[in-house]
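Colleague: So here's input-v2.txt, just compact mmCIF, C-alpha atoms:
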```txt
# COMPACT_ATOMS: atom_id res chain seq x y z
CA MET L 1335 0.00 0.00 0.00
CA ASP L 1336 1.46 3.36 -1.06
CA ASN L 1337 -0.80 5.76 0.86
CA VAL L 1338 -2.69 5.40 4.12
CA ILE L 1339 -5.13 7.75 5.81
CA VAL L 1340 -4.77 7.47 9.57
CA CYS L 1341 -7.14 8.79 12.24
CA VAL L 1342 -6.14 9.20 15.90
CA VAL L 1343 -8.83 9.31 18.57
CA GLN L 1344 -8.57 11.31 21.79
CA GLN L 1345 -11.30 9.81 23.96
CA LYS L 1346 -12.73 10.52 27.40
CA MET L 1347 -12.70 7.74 29.97
CA ARG L 1348 -16.20 6.70 31.03
CA LEU L 1349 -17.88 3.97 33.06
CA PRO L 1350 -20.67 2.91 30.66
CA ALA L 1351 -23.75 1.24 32.06
CA ASP L 1352 -23.71 -1.51 29.41
CA LEU L 1353 -21.83 -2.62 26.31
CA ALA L 1354 -24.37 -0.93 24.03
CA ASP L 1355 -23.48 2.39 25.65
CA PHE L 1356 -19.77 1.71 25.09
CA GLU L 1357 -20.40 0.72 21.46
CA HIS L 1358 -22.33 3.95 20.91
CA GLU L 1359 -19.32 5.92 22.16
CA LEU L 1360 -16.97 4.08 19.78
CA ARG L 1361 -19.27 4.57 16.80
CA ARG L 1362 -19.21 8.36 17.24
CA PHE L 1363 -15.50 8.32 16.42
CA LEU L 1364 -15.66 5.60 13.80
CA ARG L 1365 -18.29 7.43 11.75
CA VAL L 1366 -16.09 10.52 11.59
CA ALA L 1367 -13.05 8.40 10.68
CA GLN L 1368 -15.05 6.64 7.96
CA ALA L 1369 -16.10 9.99 6.50
CA LYS L 1370 -12.41 10.87 6.21
CA GLY L 1371 -11.66 7.59 4.44
CA ALA L 1372 -9.52 6.28 7.31
CA GLN L 1373 -7.82 2.92 6.83
CA LEU L 1374 -6.08 2.97 10.22
CA ILE L 1375 -7.90 4.11 13.38
CA ILE L 1376 -6.12 4.38 16.74
CA PHE L 1377 -7.70 4.44 20.21
CA PRO L 1378 -5.81 5.38 23.41
CA GLU L 1379 -4.33 3.41 26.28
CA LEU L 1380 -6.91 1.96 28.72
CA ALA L 1381 -9.81 2.81 26.38
CA GLY L 1382 -10.53 -0.92 26.25
CA MET L 1383 -11.22 -0.87 29.98
CA MET L 1384 -14.57 0.76 29.23
CA ALA L 1385 -15.74 -2.77 28.41
CA ALA L 1386 -15.29 -3.68 32.09
CA PRO L 1387 -17.94 -1.58 33.94
CA PRO L 1388 -20.89 -3.37 32.25
CA LEU L 1389 -19.57 -6.59 33.81
CA LEU L 1390 -19.39 -5.12 37.33
CA ASN L 1391 -22.67 -5.84 39.12
CA SER L 1392 -21.95 -5.08 42.76
CA LEU L 1393 -23.62 -2.25 44.68
CA ARG L 1394 -20.32 -0.36 44.87
CA ALA L 1395 -19.76 -0.68 41.12
CA GLY L 1396 -23.31 0.52 40.49
CA LEU L 1397 -22.67 3.65 42.55
CA LEU L 1398 -19.48 4.35 40.59
CA LYS L 1399 -21.32 4.03 37.27
CA GLN L 1400 -24.15 6.26 38.51
CA ALA L 1401 -21.61 8.87 39.61
CA ASP L 1402 -20.00 8.76 36.17
CA ARG L 1403 -23.25 9.57 34.34
CA GLY L 1404 -23.29 13.03 35.86
CA ARG L 1405 -19.88 13.81 34.35
CA GLN L 1406 -21.13 13.47 30.80
CA ASN L 1407 -21.85 16.64 28.84
CA ARG L 1408 -25.43 15.66 28.05
CA ALA L 1409 -26.32 15.02 31.71
CA GLY L 1410 -29.22 17.08 33.04
CA PHE L 1411 -29.59 18.83 36.37
CA TRP L 1412 -31.21 15.92 38.22
CA GLU L 1413 -28.79 13.41 36.75
CA ARG L 1414 -25.89 15.54 37.96
CA ALA L 1415 -27.49 15.78 41.40
CA ARG L 1416 -27.96 12.01 41.61
CA SER L 1417 -24.39 11.61 40.43
CA LYS L 1418 -23.08 13.69 43.33
CA MET L 1419 -25.13 11.68 45.81
CA ALA L 1420 -23.89 8.40 44.32
CA SER L 1421 -20.31 9.65 44.40
CA GLY L 1422 -20.61 10.59 48.06
CA THR L 1423 -22.19 7.24 48.96
CA ALA L 1424 -19.51 5.38 47.02
CA GLY L 1425 -16.87 7.25 49.01
CA LEU L 1426 -18.53 6.34 52.32
CA LEU L 1427 -18.69 2.67 51.31
CA GLY L 1428 -15.07 2.67 50.22
CA SER L 1429 -15.92 2.02 46.57
CA ASP L 1430 -12.84 1.83 44.40
CA PHE L 1431 -12.83 1.06 40.66
CA GLN L 1432 -9.40 -0.52 40.78
CA ARG L 1433 -10.52 -2.87 43.56
CA GLU L 1434 -13.70 -3.82 41.66
CA LEU L 1435 -11.62 -4.35 38.53
CA GLY L 1436 -9.22 -6.59 40.44
CA ARG L 1437 -12.13 -8.81 41.48
CA LEU L 1438 -13.33 -9.01 37.88
CA LEU L 1439 -9.90 -10.01 36.61
CA ASP L 1440 -9.62 -12.68 39.29
CA GLN L 1441 -13.05 -14.16 38.72
CA ASN L 1442 -14.19 -13.36 35.19
CA SER L 1443 -11.28 -12.17 33.05
CA HIS L 1444 -12.22 -14.30 30.04
CA THR L 1445 -15.65 -12.65 29.81
CA LEU L 1446 -13.98 -9.23 29.75
CA TRP L 1447 -11.64 -10.26 26.94
CA ASP L 1448 -14.47 -11.85 24.95
CA SER L 1449 -16.58 -8.69 25.20
CA TYR L 1450 -13.65 -6.49 24.15
CA ALA L 1451 -12.54 -8.71 21.25
CA ASP L 1452 -16.06 -9.24 19.93
CA LEU L 1453 -16.87 -5.51 19.99
CA PHE L 1454 -13.69 -4.19 18.36
CA GLY L 1455 -13.47 -7.09 15.90
CA ARG L 1456 -17.05 -6.54 14.76
CA LEU L 1457 -16.55 -2.79 14.38
CA ALA L 1458 -13.28 -3.23 12.45
CA GLN L 1459 -15.11 -5.49 10.00
CA GLU L 1460 -18.12 -3.20 9.72
CA PHE L 1461 -16.01 -0.09 9.02
CA SER L 1462 -13.46 -2.01 6.87
CA ALA L 1463 -10.50 -0.53 8.76
CA THR L 1464 -7.49 -1.65 10.73
CA ILE L 1465 -8.16 -0.67 14.35
CA VAL L 1466 -5.59 -0.32 17.11
CA ALA L 1467 -8.00 -0.95 19.97
CA GLY L 1468 -7.41 0.85 23.24
CA SER L 1469 -5.56 -1.33 25.73
CA LEU L 1470 -7.08 -3.19 28.65
CA TYR L 1471 -5.90 -5.41 31.49
CA ALA L 1472 -6.23 -9.00 30.35
CA VAL L 1473 -4.93 -12.45 31.22
CA ASP L 1474 -2.05 -13.58 29.01
CA SER L 1475 -2.89 -17.02 27.64
CA THR L 1476 0.79 -18.04 27.58
CA ASP L 1477 1.51 -17.82 31.31
CA GLY L 1478 -1.67 -16.65 33.02
CA GLY L 1479 -0.22 -13.28 34.00
CA ILE L 1480 -2.33 -10.11 33.84
CA ARG L 1481 -0.91 -7.48 31.49
CA ASN L 1482 -1.85 -4.11 30.02
CA VAL L 1483 -2.24 -5.17 26.39
CA ALA L 1484 -3.38 -3.45 23.18
CA THR L 1485 -4.74 -5.46 20.26
CA VAL L 1486 -4.73 -4.75 16.52
CA PHE L 1487 -7.82 -5.86 14.58
CA GLY L 1488 -7.83 -6.18 10.80
CA PRO L 1489 -10.60 -5.21 8.35
CA GLN L 1490 -11.86 -8.81 8.46
CA GLY L 1491 -12.38 -8.55 12.22
CA THR L 1492 -9.46 -10.86 13.02
CA VAL L 1493 -6.73 -10.27 15.58
CA LEU L 1494 -3.52 -9.31 13.74
CA GLY L 1495 -1.31 -8.95 16.80
CA GLN L 1496 -0.97 -7.77 20.38
CA GLN L 1497 1.51 -5.77 22.41
CA SER L 1498 1.88 -5.63 26.19
CA ARG L 1499 3.20 -2.65 28.09
CA VAL L 1500 6.78 -3.33 29.19
CA VAL L 1501 7.67 -0.40 31.48
CA MET L 1502 5.54 -0.48 34.63
CA VAL L 1503 5.25 2.08 37.43
CA ALA L 1504 3.92 1.76 40.96
CA GLU L 1505 0.24 2.36 40.20
CA ASN L 1506 0.30 -0.23 37.39
CA THR L 1507 2.02 -3.06 39.24
CA ALA L 1508 -0.97 -3.48 41.56
CA LEU L 1509 -2.98 -4.81 38.60
CA ALA L 1510 -0.55 -6.09 35.97
CA GLU L 1511 2.86 -7.51 35.16
CA ALA L 1512 5.37 -6.19 32.65
CA GLY L 1513 5.53 -7.51 29.10
CA ASP L 1514 8.71 -9.12 27.80
CA GLY L 1515 9.56 -7.16 24.65
CA TRP L 1516 8.37 -5.46 21.48
CA THR L 1517 7.38 -7.07 18.18
CA ALA L 1518 6.36 -5.35 14.94
CA ILE L 1519 2.89 -6.34 13.72
CA ALA L 1520 2.10 -6.89 10.03
CA THR L 1521 -1.16 -5.23 8.93
CA PRO L 1522 -2.80 -4.29 5.60
CA VAL L 1523 -1.64 -0.69 6.18
CA GLY L 1524 2.01 -1.54 6.88
CA ARG L 1525 4.16 -2.95 9.68
CA LEU L 1526 3.50 -1.13 12.92
CA GLY L 1527 5.13 -1.07 16.32
CA LEU L 1528 3.09 -0.43 19.46
CA LEU L 1529 4.57 1.35 22.48
CA LEU L 1530 2.27 1.65 25.50
CA GLY L 1531 2.78 4.33 28.12
CA PRO L 1532 6.42 5.13 29.02
CA ASP L 1533 7.74 2.48 26.60
CA VAL L 1534 8.03 5.28 24.04
CA LEU L 1535 10.70 7.01 26.16
CA TYR L 1536 13.30 4.32 25.42
CA PRO L 1537 15.32 4.63 22.17
CA GLU L 1538 16.05 0.90 22.17
CA ALA L 1539 12.34 0.08 21.71
CA GLY L 1540 12.04 2.21 18.59
CA ARG L 1541 15.28 0.90 17.11
CA LEU L 1542 14.28 -2.70 17.75
CA LEU L 1543 11.00 -2.14 15.90
CA ALA L 1544 12.88 -0.47 13.04
CA TYR L 1545 15.14 -3.53 12.83
CA GLN L 1546 11.95 -5.58 12.42
CA GLY L 1547 10.82 -3.48 9.46
CA ALA L 1548 8.28 -1.23 11.18
CA GLU L 1549 7.08 1.68 9.06
CA MET L 1550 5.22 3.41 11.89
CA ILE L 1551 5.30 3.65 15.67
CA ILE L 1552 1.99 3.93 17.48
CA SER L 1553 2.10 5.20 21.06
CA LEU L 1554 -0.85 4.94 23.45
CA GLY L 1555 -0.97 7.05 26.60
CA ALA L 1556 -2.94 7.52 29.83
CA CYS L 1557 -1.28 10.36 31.78
CA SER L 1558 -2.42 12.43 34.74
CA GLU L 1559 0.70 14.62 34.86
CA PRO L 1560 1.40 17.29 32.22
CA ALA L 1561 5.15 16.64 32.32
CA LEU L 1562 4.70 12.95 31.49
CA TYR L 1563 2.46 13.45 28.48
CA HIS L 1564 4.82 16.12 27.11
CA ARG L 1565 7.73 13.72 27.61
CA MET L 1566 5.85 10.99 25.77
CA ARG L 1567 5.14 13.27 22.83
CA ALA L 1568 8.78 14.32 22.75
CA GLY L 1569 9.78 10.65 22.99
CA LEU L 1570 7.60 9.73 20.02
CA LEU L 1571 9.06 12.57 17.95
CA ALA L 1572 12.55 11.32 18.81
CA ARG L 1573 11.71 7.72 17.84
CA VAL L 1574 10.21 8.95 14.55
CA GLN L 1575 13.29 11.00 13.68
CA GLU L 1576 15.81 8.39 14.84
CA ASN L 1577 14.33 5.70 12.64
CA HIS L 1578 12.64 7.61 9.78
CA LEU L 1579 9.15 6.36 10.60
CA TYR L 1580 5.65 7.74 10.67
CA GLY L 1581 4.17 8.02 14.16
CA ALA L 1582 0.99 8.65 16.10
CA ILE L 1583 0.18 9.09 19.78
CA SER L 1584 -3.30 8.74 21.26
CA PHE L 1585 -4.21 9.88 24.79
CA ILE L 1586 -7.19 9.13 26.96
CA VAL L 1587 -8.51 12.19 28.80
CA GLY L 1588 -10.96 13.13 31.52
CA TYR L 1589 -12.06 11.20 34.60
CA ASN L 1590 -9.42 8.88 36.02
CA PRO L 1591 -11.16 5.99 37.84
CA PHE L 1592 -7.85 4.50 38.97
CA THR L 1593 -7.26 7.28 41.52
CA PRO L 1594 -9.49 8.29 44.45
CA GLY L 1595 -11.71 11.30 43.89
CA GLU L 1596 -11.40 13.45 40.80
CA SER L 1597 -8.18 15.33 41.53
CA GLU L 1598 -5.97 13.63 38.93
CA PRO L 1599 -7.78 13.50 35.58
CA PHE L 1600 -6.18 12.08 32.46
CA ILE L 1601 -4.81 14.74 30.10
CA GLY L 1602 -2.90 14.82 26.82
CA ARG L 1603 -2.79 16.17 23.27
CA SER L 1604 -2.87 13.43 20.69
CA ALA L 1605 -0.80 13.95 17.55
CA ILE L 1606 0.21 12.48 14.20
CA CYS L 1607 3.91 12.73 13.38
CA ALA L 1608 6.26 12.26 10.45
CA PRO L 1609 9.95 12.72 9.68
CA LEU L 1610 10.62 16.44 9.92
CA GLU L 1611 11.36 16.61 6.18
CA PHE L 1612 7.64 16.04 5.57
CA THR L 1613 6.25 18.75 7.88
CA ASN L 1614 5.99 22.52 7.87
CA ARG L 1615 8.75 24.35 9.75
CA TYR L 1616 10.40 20.96 10.36
CA THR L 1617 8.35 20.38 13.53
CA GLY L 1618 7.62 16.71 12.87
CA ILE L 1619 3.91 17.34 13.70
CA MET L 1620 1.38 16.70 10.94
CA ALA L 1621 -1.74 17.25 13.09
CA GLU L 1622 -2.60 17.51 16.77
CA VAL L 1623 -5.69 17.84 18.94
CA GLY L 1624 -6.36 21.42 19.98
CA ALA L 1625 -6.83 20.91 23.74
CA GLU L 1626 -5.54 18.52 26.37
CA THR L 1627 -8.85 17.83 28.16
CA THR L 1628 -11.42 17.43 25.37
CA GLU L 1629 -12.28 14.62 23.01
CA GLY L 1630 -11.35 14.90 19.37
CA ILE L 1631 -10.22 13.09 16.26
CA ILE L 1632 -7.43 14.07 13.89
CA SER L 1633 -6.34 12.66 10.55
CA ALA L 1634 -3.43 12.77 8.11
CA ALA L 1635 -2.20 10.95 5.00
CA TRP L 1636 0.97 8.88 5.14
CA ASP L 1637 2.90 8.50 1.87
CA TYR L 1638 4.98 5.32 2.01
CA VAL L 1639 6.54 5.95 -1.40
CA ALA L 1640 7.99 9.23 -0.12
CA LEU L 1641 9.07 7.52 3.11
CA ARG L 1642 11.02 4.80 1.30
CA GLN L 1643 12.59 7.41 -0.95
CA LEU L 1644 13.68 9.29 2.17
CA TRP L 1645 15.34 6.10 3.44
CA GLU L 1646 17.54 6.12 0.34
CA THR L 1647 18.16 9.82 -0.33
CA SER L 1648 18.35 11.46 3.10
CA VAL L 1649 21.60 13.23 3.93
CA VAL L 1650 21.96 10.61 6.66
CA PRO L 1651 19.94 7.59 5.43
CA VAL L 1652 19.51 6.05 8.87
CA ARG L 1653 17.28 3.21 7.69
CA ARG L 1654 19.78 2.11 5.04
CA THR L 1655 22.87 2.55 7.19
CA ILE L 1656 21.72 1.13 10.54
CA PRO L 1657 24.94 -0.62 11.69
CA LEU L 1658 23.16 -3.71 12.96
CA ALA L 1659 26.09 -6.09 12.54
CA VAL L 1660 28.33 -3.78 14.56
CA ALA L 1661 25.82 -2.48 17.09
CA ALA L 1662 24.08 -5.73 18.06
CA PRO L 1663 26.99 -7.52 19.80
CA VAL L 1664 28.23 -4.29 21.39
CA PHE L 1665 24.87 -3.42 22.93
CA MET L 1666 24.26 -7.01 23.93
CA ASN L 1667 27.46 -7.03 25.98
CA ILE L 1668 26.71 -3.62 27.49
CA TYR L 1669 23.19 -4.58 28.52
CA GLN L 1670 24.27 -7.93 29.93
CA ARG L 1671 26.94 -6.30 32.08
CA GLY L 1672 24.56 -3.52 33.10
CA ALA L 1673 21.82 -5.93 34.15
CA ALA L 1674 24.27 -7.91 36.27
CA GLN L 1675 25.61 -4.80 37.98
CA LEU L 1676 22.35 -2.96 38.68
CA PRO L 1677 22.20 -2.11 42.39
CA SER L 1678 19.12 -2.84 44.44
CA PRO L 1679 17.16 0.28 45.55
CA GLU L 1680 18.53 0.05 49.11
CA ASP L 1681 22.12 -0.17 47.81
CA ALA L 1682 21.81 2.76 45.42
CA ALA L 1683 24.48 5.40 45.81
CA PRO L 1684 23.43 8.74 47.31
CA PRO L 1685 23.16 11.74 44.99
CA LEU L 1686 26.46 13.33 44.07
CA ALA L 1687 27.25 16.48 46.06
CA LEU L 1688 28.08 19.64 44.16
CA PRO L 1689 31.67 20.87 44.52
CA ALA L 1690 32.22 23.73 46.92
CA PRO L 1691 32.12 27.08 45.12
CA VAL L 1692 35.39 28.87 44.55
CA ALA L 1693 35.58 32.53 45.44
CA THR L 1694 35.51 34.64 42.29
CA ALA L 1695 38.14 37.06 43.67
CA THR L 1696 40.81 34.34 43.69
CA LEU L 1697 40.24 33.20 40.10
CA GLU L 1698 43.18 33.43 37.76
CA PRO L 1699 43.31 33.23 33.97
CA ALA L 1700 42.91 29.69 32.64
CA ARG L 1701 46.06 27.59 32.86
CA GLU L 1702 46.81 24.28 31.23
CA ASP L 1703 47.59 22.74 34.62
CA ALA L 1704 44.48 24.07 36.33
CA THR L 1705 42.64 21.23 38.05
CA ARG L 1706 40.09 22.91 40.30
CA PRO L 1707 36.39 22.72 39.28
CA LEU L 1708 34.92 25.74 37.53
CA ASP L 1709 32.40 27.90 39.32
CA LEU L 1710 29.36 29.07 37.35
CA ASP L 1711 30.67 32.62 37.59
CA ASP L 1712 33.66 31.55 35.48
CA LEU L 1713 31.47 30.93 32.43
CA PRO L 1714 30.70 33.79 30.02
CA VAL L 1715 27.02 34.59 29.57
CA MET L 1716 26.22 34.51 25.86
CA GLY L 1717 22.49 35.22 26.23
CA MET L 1718 19.42 32.98 26.14
CA SER L 1719 16.22 32.96 24.17
CA GLU L 1720 13.13 30.79 24.22
CA ALA L 1721 11.87 29.50 20.88
CA PRO L 1722 8.19 28.84 20.21
CA MET L 1723 7.10 25.31 21.15
CA GLY L 1724 6.10 24.26 17.62
CA THR L 1725 3.49 25.47 15.19
CA GLU L 1726 -0.09 26.33 15.89
CA PRO L 1727 -2.23 23.17 16.18
CA GLN L 1728 -3.95 22.04 13.03
CA GLU L 1729 -7.69 21.71 12.99
CA SER L 1730 -9.11 18.78 14.92
CA ILE L 1731 -12.70 17.67 15.33
CA PRO L 1732 -14.00 17.98 18.90
CA LEU L 1733 -16.71 15.43 19.67
CA SER L 1734 -17.98 16.91 22.91
CA GLU L 1735 -20.71 19.52 23.20
CA GLU L 1736 -18.37 21.93 24.97
CA ARG L 1737 -17.19 24.95 23.02
CA GLU L 1738 -13.48 25.07 22.28
CA GLU L 1739 -13.30 28.62 23.67
CA ASP L 1740 -14.72 27.51 27.01
CA THR L 1741 -12.37 24.57 27.12
CA ALA L 1742 -9.35 26.77 26.44
CA ALA L 1743 -10.43 29.10 29.25
CA GLU L 1744 -10.82 26.17 31.62
CA ASP L 1745 -7.38 24.87 30.69
CA ALA L 1746 -5.85 28.29 31.36
CA ALA L 1747 -7.61 28.59 34.72
CA ARG L 1748 -6.91 25.07 35.92
CA PRO L 1749 -3.94 25.13 38.31
CA ARG L 1750 -0.95 23.02 37.30
CA ARG L 1751 0.28 20.39 39.77
CA TRP L 1752 4.03 20.19 39.88
CA PRO L 1753 5.83 17.17 41.34
CA TRP L 1754 6.71 18.92 44.57
CA GLN L 1755 3.04 19.91 45.10
CA ARG L 1756 1.73 16.31 45.04
```
What is this file in structure tokens?

Modeller:
Amino acid sequence: MDNVIVCVVQQKMRLPADLADFEHELRRFLRVAQAKGAQLIIFPELAGMMAAPPLLNSLRAGLLKQADRGRQNRAGFWERARSKMASGTAGLLGSDFQRELGRLLDQNSHTLWDSYADLFGRLAQEFSATIVAGSLYAVDSTDGGIRNVATVFGPQGTVLGQQSRVVMVAENTALAEAGDGWTAIATPVGRLGLLLGPDVLYPEAGRLLAYQGAEMIISLGACSEPALYHRMRAGLLARVQENHLYGAISFIVGYNPFTPGESEPFIGRSAICAPLEFTNRYTGIMAEVGAETTEGIISAAWDYVALRQLWETSVVPVRRTIPLAVAAPVFMNIYQRGAAQLPSPEDAAPPLALPAPVATATLEPAREDATRPLDLDDLPVMGMSEAPMGTEPQESIPLSEEREEDTAAEDAARPRRWPWQR
């Protein structure tokens, strides 16, 4: 295939009452993608978990779902009032979505997977598109471990491949185990590599997928900290440039049921990327969602003929000159030694202390035999400037009933939480 139209979905997390409600939410995006002629449609990390609430039948789970209805834009006054009452009652009873989800995975994980696979497979076939379904926690059939896994469905509704998240953090380890590597997946729209969450921050993951012939890297994110989602976007841009690939990153936004209360919502700005040679002002961004808290869908066309030509004619043709024969044994030895020498957390060395400052009055002109450390005052100030952070966002299609102006005002007014304020 020489050209592919890709659509990236930025979707709000919800706790639907039943699978029909979840399917309705998916169809809103798929109809827009179909109107754009999309052949590849990408949903964000943890979007697949919206298949779980319909399977939760306890009183506590019912209160959580009732509370979620009031968060939706179309909710009326009384529904919002009932939502607040349900939320308060759920808090008093100690209701916790992660705890309810843990029970489901222990007792009925196969039903969750069957609901997820049937829904996305059927929709992929109906809309004749390759769909990167949002990830969910599922039991790995090979060893019985629970992992955060995304699945790729082909236009025939079949499973083309899966990818588990490899890099886990504290809040993830309570539910899932780490995956064991990355594998490129062959699809009708090209070979793609999936990187879930912080996996995209590691250059080795992108290079490994490039070695396997990947033509695109798809990153899925669920972030509640602005710094992390910006790092993930920067990481994807780096992986795209390092390996001359197309790229896309899809974030889930809104209510975060994996944390208590509503103080840490998911945020992010989904984007479609390309080698900088293909984009205006060499930003690497082809399209991006206009706001970090609203739903939307963006699209772009990927030209594989131009990409392959770039592999051959670039000033530095990284795809043609990847020194695999030289790099593989070197990195293998480095990683083997590093893994054997990694200290345990309790044995980690303390942070390095800064050298004591040297009084400026005693400084002498630089000498070849000078060995003392330089003080910052020794360095000439050449001036600093701050460049714009990329181009203005291209048009995206918001799917909520909120006005973009109101959303922008809310984003500006919402206080930022820095790490030291947590």

Colleague: When you draw a straight line from CA of Ala1381 in chain L to CA of Ala1544 in chain L, how long is it in Å?

Modeller: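 It comes out at 26.5 Å.
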
Colleague: Let me make sure I understand: among L:Arg1433, L:Val1660, L:Ile1668, L:Ala1354, which one has the smallest atom-to-atom distance to Thr1593 in chain L if we use all atoms listed in the file?

Modeller: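 Smallest separation from Thr1593 in chain L among the options: L:Arg1433.
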
Colleague: Out of L:Gln1670, L:Asn1442, L:Thr1517, L:Gln1345, which residue has the shortest atom-to-atom distance to Glu1359 in chain L when counting all atoms listed in the file?

Modeller: L:Gln1345

Colleague: Every residue with an atom at most 7 Å from (-0.9, 3.7, 24.2) (file coordinates; only C-alpha atoms) is what I'm after, so could you write them as a PyMOL selection string?

Modeller: chain L and resi 1378-1379+1529-1531+1553-1555+1584

Colleague: Taking 2 positions as the minimum chain separation for residues in the same chain, which residues sit within 8 Å of Arg1525 in chain L when counting all atoms listed in the file? Answer as a list in words.

Modeller: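 Skipping anything fewer than 2 positions along the chain leaves Ala1518, Ile1519, Ala1520, Thr1521, Val1523, Gly1527, Gly1547, Ala1548, Glu1549 and Met1550 of chain L.
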
Colleague: So what do you get for CA of Ala1458 in chain L versus CA of Leu1526 in chain L, distance-wise?

Modeller: 16.9 Å

Colleague: Suppose you want the space between CA of Lys1346 in chain L and CA of Phe1600 in chain L; what is it in Å?

Modeller: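 Distance reported for this atom pair: 8.4 Å.
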
Colleague: Will you give me range 1527-1532 of chain L, written with all heavy atoms and laid out as a compact mmCIF listing (two decimals), in the first residue's frame?

Modeller:
```txt
# COMPACT_ATOMS: atom_id res chain seq x y z
N GLY L 1527 4.64 -0.76 14.99
CA GLY L 1527 5.13 -1.07 16.32
C GLY L 1527 4.30 -0.34 17.34
O GLY L 1527 4.01 0.85 17.17
N LEU L 1528 3.90 -1.03 18.40
CA LEU L 1528 3.09 -0.43 19.46
C LEU L 1528 3.95 -0.20 20.69
O LEU L 1528 4.65 -1.10 21.14
CB LEU L 1528 1.93 -1.35 19.82
CG LEU L 1528 0.69 -1.32 18.92
CD1 LEU L 1528 -0.30 -2.38 19.37
CD2 LEU L 1528 0.04 0.04 18.94
N LEU L 1529 3.87 1.01 21.24
CA LEU L 1529 4.57 1.35 22.48
C LEU L 1529 3.55 1.93 23.45
O LEU L 1529 2.99 3.00 23.20
CB LEU L 1529 5.69 2.36 22.21
CG LEU L 1529 6.81 1.87 21.28
CD1 LEU L 1529 7.81 2.99 21.02
CD2 LEU L 1529 7.53 0.66 21.88
N LEU L 1530 3.28 1.23 24.53
CA LEU L 1530 2.27 1.65 25.50
C LEU L 1530 2.93 2.43 26.63
O LEU L 1530 3.95 2.02 27.18
CB LEU L 1530 1.53 0.44 26.07
CG LEU L 1530 0.36 -0.12 25.26
CD1 LEU L 1530 0.83 -0.67 23.93
CD2 LEU L 1530 -0.40 -1.18 26.05
N GLY L 1531 2.31 3.55 26.99
CA GLY L 1531 2.78 4.33 28.12
C GLY L 1531 4.23 4.76 27.97
O GLY L 1531 4.67 5.15 26.89
N PRO L 1532 5.03 4.65 29.05
CA PRO L 1532 6.42 5.13 29.02
C PRO L 1532 7.34 4.32 28.13
O PRO L 1532 8.52 4.69 27.99
CB PRO L 1532 6.85 5.02 30.49
CG PRO L 1532 5.60 4.92 31.29
CD PRO L 1532 4.62 4.22 30.41
```
